Each structure stands twice: as structure tokens, then as C-alpha cells.
file start-v1.cif (mmCIF, C-alpha atoms)
data_structure
loop_
_atom_site.group_PDB
_atom_site.id
_atom_site.type_symbol
_atom_site.label_atom_id
_atom_site.label_comp_id
_atom_site.auth_asym_id
_atom_site.auth_seq_id
_atom_site.Cartn_x
_atom_site.Cartn_y
_atom_site.Cartn_z
ATOM 1 C CA TYR K 1 55.077 -15.969 -19.455
ATOM 2 C CA LYS K 2 57.923 -18.472 -19.322
ATOM 3 C CA GLU K 3 57.668 -22.040 -18.097
ATOM 4 C CA GLN K 4 60.032 -24.939 -18.636
ATOM 5 C CA ARG K 5 59.467 -28.688 -18.941
ATOM 6 C CA LYS K 6 55.702 -28.730 -18.589
ATOM 7 C CA GLN K 7 53.439 -31.108 -20.407
ATOM 8 C CA TYR K 8 50.294 -29.091 -19.879
ATOM 9 C CA ASP K 9 49.599 -25.634 -18.554
ATOM 10 C CA THR K 10 46.981 -22.912 -18.632
ATOM 11 C CA PHE K 11 47.799 -19.255 -18.896
ATOM 12 C CA HIS K 12 45.312 -16.403 -18.738
ATOM 13 C CA HIS K 13 46.231 -12.958 -19.959
ATOM 14 C CA LYS K 14 44.043 -9.919 -20.229
ATOM 15 C CA THR K 15 45.147 -7.492 -22.890
ATOM 16 C CA VAL K 16 45.349 -3.836 -22.023
ATOM 17 C CA GLU K 17 45.913 -2.401 -25.481
ATOM 18 C CA ALA K 18 44.150 -3.192 -28.709
ATOM 19 C CA GLY K 19 46.282 -4.405 -31.603
ATOM 20 C CA GLU K 20 48.205 -7.398 -32.852
ATOM 21 C CA TYR K 21 49.890 -9.783 -30.449
ATOM 22 C CA THR K 22 52.614 -12.308 -31.222
ATOM 23 C CA PHE K 23 53.088 -15.795 -29.765
ATOM 24 C CA CYS K 24 56.572 -17.249 -29.544
ATOM 25 C CA PHE K 25 57.137 -20.907 -28.667
ATOM 26 C CA SER K 26 60.567 -22.374 -28.043
ATOM 27 C CA ASN K 27 61.865 -25.922 -28.244
ATOM 28 C CA GLU K 28 65.304 -25.148 -26.887
ATOM 29 C CA PHE K 29 65.443 -27.967 -24.332
ATOM 30 C CA SER K 30 64.638 -30.799 -26.703
ATOM 31 C CA THR K 31 65.696 -30.149 -30.272
ATOM 32 C CA PHE K 32 65.609 -33.845 -31.210
ATOM 33 C CA ALA K 33 61.994 -34.529 -30.278
ATOM 34 C CA HIS K 34 59.134 -32.896 -32.104
ATOM 35 C CA LYS K 35 56.715 -30.882 -30.061
ATOM 36 C CA THR K 36 53.147 -29.870 -30.733
ATOM 37 C CA VAL K 37 51.674 -26.797 -29.101
ATOM 38 C CA TYR K 38 47.948 -26.267 -28.827
ATOM 39 C CA PHE K 39 46.455 -23.039 -27.636
ATOM 40 C CA ASP K 40 42.976 -21.680 -27.285
ATOM 41 C CA LEU K 41 42.170 -18.000 -27.519
ATOM 42 C CA ASP K 42 39.118 -16.742 -25.708
ATOM 43 C CA LEU K 43 38.088 -13.416 -27.107
ATOM 44 C CA GLY K 44 35.582 -11.377 -25.211
ATOM 45 C CA ASP K 45 35.117 -9.096 -22.302
ATOM 46 C CA GLU K 46 35.321 -10.910 -18.969
ATOM 47 C CA SER K 47 33.607 -8.027 -17.223
ATOM 48 C CA THR K 48 30.301 -8.974 -18.846
ATOM 49 C CA ASP K 49 30.116 -12.048 -16.612
ATOM 50 C CA ILE K 50 27.501 -12.037 -13.886
ATOM 51 C CA GLY K 51 29.919 -12.144 -10.966
ATOM 52 C CA ALA K 52 32.571 -9.876 -12.453
ATOM 53 C CA ASP K 53 31.040 -6.737 -10.957
ATOM 54 C CA ALA K 54 30.948 -8.318 -7.520
ATOM 55 C CA GLU K 55 34.579 -9.481 -7.778
ATOM 56 C CA ALA K 56 35.954 -6.275 -9.248
ATOM 57 C CA GLY K 57 37.482 -4.086 -6.602
ATOM 58 C CA ASP K 58 38.566 -1.071 -8.612
ATOM 59 C CA GLY K 59 35.621 1.212 -7.948
ATOM 60 C CA ALA K 60 33.110 -0.851 -9.886
ATOM 61 C CA HIS K 61 29.572 -0.819 -8.695
ATOM 62 C CA ALA K 62 29.104 -4.004 -6.664
ATOM 63 C CA THR K 63 25.668 -5.528 -6.847
ATOM 64 C CA ALA K 64 24.250 -8.197 -4.607
ATOM 65 C CA LEU K 65 23.502 -11.410 -6.437
ATOM 66 C CA THR K 66 20.365 -13.369 -5.831
ATOM 67 C CA GLN K 67 20.658 -17.032 -4.942
ATOM 68 C CA LEU K 68 19.666 -18.001 -8.496
ATOM 69 C CA GLU K 69 22.305 -15.714 -9.995
ATOM 70 C CA SER K 70 24.929 -17.046 -7.580
ATOM 71 C CA SER K 71 24.051 -20.621 -8.507
ATOM 72 C CA ALA K 72 24.093 -19.793 -12.216
ATOM 73 C CA TYR K 73 27.493 -18.123 -11.841
ATOM 74 C CA ALA K 74 28.875 -21.122 -9.905
ATOM 75 C CA ILE K 75 27.574 -23.487 -12.601
ATOM 76 C CA HIS K 76 29.115 -21.242 -15.272
ATOM 77 C CA GLU K 77 32.516 -21.358 -13.577
ATOM 78 C CA SER K 78 32.262 -25.134 -13.098
ATOM 79 C CA LEU K 79 31.413 -25.614 -16.767
ATOM 80 C CA ARG K 80 34.343 -23.414 -17.750
ATOM 81 C CA LEU K 81 36.560 -25.705 -15.669
ATOM 82 C CA VAL K 82 34.993 -28.791 -17.309
ATOM 83 C CA VAL K 83 35.784 -27.354 -20.746
ATOM 84 C CA ASP K 84 39.378 -26.829 -19.646
ATOM 85 C CA TYR K 85 39.615 -30.452 -18.437
ATOM 86 C CA GLN K 86 38.059 -31.727 -21.673
ATOM 87 C CA ASN K 87 40.610 -29.789 -23.704
ATOM 88 C CA HIS K 88 43.366 -31.261 -21.549
ATOM 89 C CA HIS K 89 42.119 -34.829 -22.145
ATOM 90 C CA ARG K 90 41.678 -34.195 -25.873
ATOM 91 C CA LEU K 91 45.250 -32.992 -26.067
ATOM 92 C CA LYS K 92 46.538 -35.992 -24.133
ATOM 93 C CA GLU K 93 44.596 -38.304 -26.456
ATOM 94 C CA ARG K 94 45.989 -36.524 -29.505
ATOM 95 C CA ILE K 95 49.539 -36.756 -28.194
ATOM 96 C CA GLY K 96 49.076 -40.457 -27.430
ATOM 97 C CA ARG K 97 47.690 -41.065 -30.901
ATOM 98 C CA GLU K 98 50.597 -39.234 -32.546
ATOM 99 C CA ILE K 99 53.110 -41.232 -30.527
ATOM 100 C CA ALA K 100 51.356 -44.486 -31.436
ATOM 101 C CA GLU K 101 51.318 -43.582 -35.140
ATOM 102 C CA TYR K 102 55.000 -42.626 -35.025
ATOM 103 C CA LEU K 103 55.906 -45.909 -33.331
ATOM 104 C CA CYS K 104 53.813 -47.842 -35.849
ATOM 105 C CA GLU K 105 55.622 -46.169 -38.758
ATOM 106 C CA ARG K 106 59.012 -46.880 -37.185
ATOM 107 C CA PHE K 107 58.035 -50.492 -36.532
ATOM 108 C CA LYS K 108 56.943 -50.921 -40.152
ATOM 109 C CA LEU K 109 60.223 -49.440 -41.364
ATOM 110 C CA VAL K 110 62.283 -51.740 -39.126
ATOM 111 C CA ARG K 111 60.186 -54.734 -40.166
ATOM 112 C CA ARG K 112 60.656 -53.968 -43.872
ATOM 113 C CA THR K 113 64.375 -53.447 -43.394
ATOM 114 C CA ASN K 114 64.768 -56.719 -41.509
ATOM 115 C CA CYS K 115 62.733 -58.535 -44.131
ATOM 116 C CA SER K 116 64.892 -57.170 -46.942
ATOM 117 C CA TYR K 117 68.068 -58.116 -45.024
ATOM 118 C CA CYS K 118 66.730 -61.653 -44.554
ATOM 119 C CA ARG K 119 65.859 -61.929 -48.240
ATOM 120 C CA CYS K 120 69.315 -60.711 -49.254
ATOM 121 C CA GLY K 121 70.918 -63.179 -46.834
ATOM 122 C CA VAL K 122 68.872 -66.097 -48.132
ATOM 123 C CA LEU K 123 69.629 -65.132 -51.730
ATOM 124 C CA ALA K 124 73.354 -64.895 -50.962
ATOM 125 C CA LYS K 125 73.354 -68.286 -49.214
ATOM 126 C CA CYS K 126 71.443 -69.896 -52.077
ATOM 127 C CA THR K 127 73.849 -68.419 -54.611
ATOM 128 C CA CYS K 128 76.854 -69.672 -52.636
ATOM 129 C CA CYS K 129 75.350 -73.152 -52.283
ATOM 130 C CA VAL K 130 74.466 -73.370 -55.968
ATOM 131 C CA ASN K 131 77.948 -72.256 -57.005
ATOM 132 C CA PHE K 132 79.598 -74.667 -54.573
ATOM 133 C CA LEU K 133 77.441 -77.636 -55.550
ATOM 134 C CA THR K 134 77.724 -76.858 -59.256
ATOM 135 C CA SER K 135 81.510 -76.845 -59.076
ATOM 136 C CA GLN K 136 81.510 -80.070 -57.026
ATOM 137 C CA PHE K 137 79.125 -81.897 -59.351
ATOM 138 C CA GLN K 138 80.961 -80.782 -62.470
ATOM 139 C CA GLY K 139 84.209 -82.141 -61.104
ATOM 140 C CA GLU K 140 82.563 -85.436 -60.027
ATOM 141 C CA ALA K 141 80.725 -85.732 -63.338
ATOM 142 C CA LEU K 142 83.970 -85.445 -65.311
ATOM 143 C CA GLU K 143 85.613 -88.046 -63.095
ATOM 144 C CA ALA K 144 82.590 -90.361 -63.313
ATOM 145 C CA ARG K 145 82.368 -89.990 -67.088
ATOM 146 C CA SER K 146 86.034 -90.767 -67.562
ATOM 147 C CA GLU K 147 85.791 -93.808 -65.282
ATOM 148 C CA TYR K 148 82.697 -95.060 -67.094
ATOM 149 C CA ASP K 149 84.108 -94.553 -70.506
ATOM 150 C CA PHE K 150 87.443 -96.098 -69.805
ATOM 151 C CA GLY K 151 87.074 -98.210 -66.740
ATOM 152 C CA CYS K 152 83.865 -100.051 -67.570
ATOM 153 C CA ARG K 153 85.015 -101.014 -71.052
ATOM 154 C CA ARG K 154 88.236 -102.341 -69.711
ATOM 155 C CA HIS K 155 86.612 -104.410 -67.031
ATOM 156 C CA PHE K 156 83.777 -105.805 -69.049
ATOM 157 C CA ASP K 157 85.288 -105.731 -72.502
ATOM 158 C CA LEU K 158 82.354 -104.024 -74.078
ATOM 159 C CA PRO K 159 82.437 -103.586 -77.877
#
call {"tool": "encode", "arguments": {"input": "start-v1.cif", "output": "C-alpha cells"}}
result
Amino acid sequence: YKEQRKQYDTFHHKTVEAGEYTFCFSNEFSTFAHKTVYFDLDLGDESTDIGADAEAGDGAHATALTQLESSAYAIHESLRLVVDYQNHHRLKERIGREIAEYLCERFKLVRRTNCSYCRCGVLAKCTCCVNFLTSQFQGEALEARSEYDFGCRRHFDLP
């Protein structure tokens, strides 16, 4: 079985030989994005179903089904289809949840990074302002002190 670029698919395989089987999944078309593969193994003999004898054409003994048996078989097949649809919707929900959690984690990381950049920027600006103002006030303070000490005494003749 080989399919490409499918989001959801169903594959039925009936084994001929007893033994161990191996599953191989490939992600060769999208190596950057993570993929999750779900599979469901149904173990059992399909020929034990009610309608299997009637559908088998390889020399099996075909029996006529009563209306009740036909209805039960139709309901059984419909329920099997419902289970398949439920699995499909569960998988879609799971994929949506994983994508949402991934996006939430990425958003948190970007938010923390931006916050730390803003903090570093504010700290750098504050440091620059403090250094600039400190150097300005020290220069003005020396000039003011020298004017007060010398200028005021000269003008007012303080003792």
C-alpha cells in the first residue's frame, strides 16, 4: 500500500500467512513538519460474519438470510462505518489539539522573548539617561559651586 499526501485514509488487508508483520511509515515529503500516524488493527476472522458466507464466491456454501438476519447484518455494517467515522473525527480533534498546543507554546516563547527584549531595551535606555544626566549635573554643579563660592562673595561682600 502506498499513498501520498493524504490526511486520512483507510486500508483493509487480509493476511494470508500467519506470522509477524511489519509496518513502515515514511515522512519523505515533509521532513520539517512532524507527523503523527494512528492505526487500528482489527484481529479476527471476517468469515465469521453473518453475511460473509453469502458474499463469498469461492465455493463457500451460500445460505439464504432471513429478513431479520439481513437487517442485523445491515445494522452491523452501518455501525462498523460509524466506528470508522468516529475514529476519523477523534483523529481530527487530536490533530487540532496538538496544533493548538504547539501554537500556544510558540506564542508563549515569542511573548517571553519580546518581553525580555523590551526589558533589556528599557534598562539600556535608563542606564544611558542616568549616565548622561549624571555627567551633565556634575558639570553644572561644579560650575554652580564655583560661581556661588566666588561670585556671590564678590557681589555681596559676605564675610
call {"tool": "atom_distance", "arguments": {"input": "start-v1.cif", "atom1": "CA of Tyr38 in chain K", "atom2": "CA of Asp9 in chain K"}}
result
10.4 Å
call {"tool": "atom_distance", "arguments": {"input": "start-v1.cif", "atom1": "CA of Thr63 in chain K", "atom2": "CA of Leu41 in chain K"}}
result
29.2 Å
call {"tool": "atom_distance", "arguments": {"input": "start-v1.cif", "atom1": "CA of His89 in chain K", "atom2": "CA of His13 in chain K"}}
result
22.4 Å
call {"tool": "closest_residue", "arguments": {"input": "start-v1.cif", "among": "K:Cys24, K:Leu81, K:Cys129, K:Ala72", "to": "Thr10 in chain K", "atoms": "all atoms listed in the file"}}
result
K:Leu81
call {"tool": "axis_aligned_box", "arguments": {"input": "start-v1.cif", "around": "range 100-109 of chain K", "padding_each_side": "3 Å", "output": "AutoDock Vina command-line options"}}
result
--center_x 55.8 --center_y -46.8 --center_z -36.4 --size_x 14.9 --size_y 14.3 --size_z 15.9
call {"tool": "residues_around", "arguments": {"input": "start-v1.cif", "residues": "Ala33 in chain K", "least_positions_apart": "5", "cutoff": "12 Å", "atoms": "only C-alpha atoms", "output": "PyMOL selection string"}}
result
chain K and resi 27-28+99+102
call {"tool": "residues_around", "arguments": {"input": "start-v1.cif", "residues": "Gln7 in chain K", "least_positions_apart": "4", "cutoff": "12 Å", "atoms": "only C-alpha atoms", "output": "list in words"}}
result
Glu3, Lys35, Thr36, Val37, Tyr38, His88, Leu91, Lys92 and Ile95 of chain K
call {"tool": "closest_residue", "arguments": {"input": "start-v1.cif", "among": "K:Asn114, K:Glu101, K:Phe23, K:Gln86", "to": "Tyr1 in chain K", "atoms": "only C-alpha atoms"}}
result
K:Phe23
call {"tool": "residues_near_point", "arguments": {"input": "start-v1.cif", "point": "(43.4, -13.8, -21.2)", "cutoff": "8 Å", "atoms": "only C-alpha atoms", "output": "NGL selection string"}}
result
:K and (11-15 or 41-43)
call {"tool": "decode", "arguments": {"input": "start-v1.cif", "residues": "range 88-106 of chain K", "atoms": "N, CA, C and O atoms", "output": "compact mmCIF listing (two decimals), in the first residue's frame"}}
result
# COMPACT_ATOMS: atom_id res chain seq x y z
N HIS K 88 -12.19 8.71 12.74
CA HIS K 88 -11.73 9.81 11.90
C HIS K 88 -11.89 11.15 12.64
O HIS K 88 -10.96 11.97 12.66
N HIS K 89 -13.03 11.38 13.26
CA HIS K 89 -13.26 12.64 13.97
C HIS K 89 -12.40 12.74 15.22
O HIS K 89 -11.94 13.84 15.57
N ARG K 90 -12.15 11.64 15.90
CA ARG K 90 -11.24 11.66 17.05
C ARG K 90 -9.84 12.06 16.61
O ARG K 90 -9.16 12.84 17.28
N LEU K 91 -9.40 11.50 15.49
CA LEU K 91 -8.08 11.83 14.99
C LEU K 91 -7.99 13.30 14.59
O LEU K 91 -7.00 13.98 14.87
N LYS K 92 -9.02 13.81 13.93
CA LYS K 92 -9.02 15.21 13.53
C LYS K 92 -8.99 16.11 14.77
O LYS K 92 -8.30 17.13 14.79
N GLU K 93 -9.74 15.74 15.81
CA GLU K 93 -9.74 16.51 17.04
C GLU K 93 -8.36 16.48 17.68
O GLU K 93 -7.84 17.50 18.14
N ARG K 94 -7.74 15.33 17.70
CA ARG K 94 -6.41 15.18 18.29
C ARG K 94 -5.38 16.01 17.54
O ARG K 94 -4.55 16.69 18.14
N ILE K 95 -5.46 15.98 16.22
CA ILE K 95 -4.53 16.77 15.41
C ILE K 95 -4.74 18.26 15.67
O ILE K 95 -3.78 19.01 15.84
N GLY K 96 -6.00 18.68 15.72
CA GLY K 96 -6.30 20.08 16.01
C GLY K 96 -5.80 20.50 17.37
O GLY K 96 -5.26 21.60 17.55
N ARG K 97 -5.95 19.63 18.35
CA ARG K 97 -5.48 19.93 19.70
C ARG K 97 -3.96 20.04 19.73
O ARG K 97 -3.39 20.94 20.36
N GLU K 98 -3.26 19.13 19.03
CA GLU K 98 -1.81 19.19 19.01
C GLU K 98 -1.31 20.46 18.32
O GLU K 98 -0.36 21.08 18.77
N ILE K 99 -1.98 20.85 17.25
CA ILE K 99 -1.60 22.08 16.57
C ILE K 99 -1.83 23.29 17.48
O ILE K 99 -0.99 24.19 17.56
N ALA K 100 -2.95 23.31 18.17
CA ALA K 100 -3.25 24.41 19.08
C ALA K 100 -2.23 24.48 20.22
O ALA K 100 -1.77 25.57 20.59
N GLU K 101 -1.86 23.34 20.78
CA GLU K 101 -0.87 23.33 21.85
C GLU K 101 0.50 23.79 21.34
O GLU K 101 1.20 24.54 22.02
N TYR K 102 0.86 23.38 20.13
CA TYR K 102 2.13 23.80 19.55
C TYR K 102 2.14 25.31 19.34
O TYR K 102 3.12 25.99 19.67
N LEU K 103 1.05 25.84 18.78
CA LEU K 103 0.97 27.28 18.56
C LEU K 103 0.99 28.05 19.87
O LEU K 103 1.60 29.12 19.97
N CYS K 104 0.35 27.51 20.89
CA CYS K 104 0.35 28.16 22.21
C CYS K 104 1.77 28.21 22.79
O CYS K 104 2.19 29.23 23.32
N GLU K 105 2.50 27.11 22.67
CA GLU K 105 3.88 27.09 23.16
C GLU K 105 4.74 28.08 22.40
O GLU K 105 5.55 28.79 23.00
N ARG K 106 4.58 28.13 21.08
CA ARG K 106 5.36 29.08 20.27
C ARG K 106 5.00 30.52 20.63
O ARG K 106 5.87 31.38 20.72
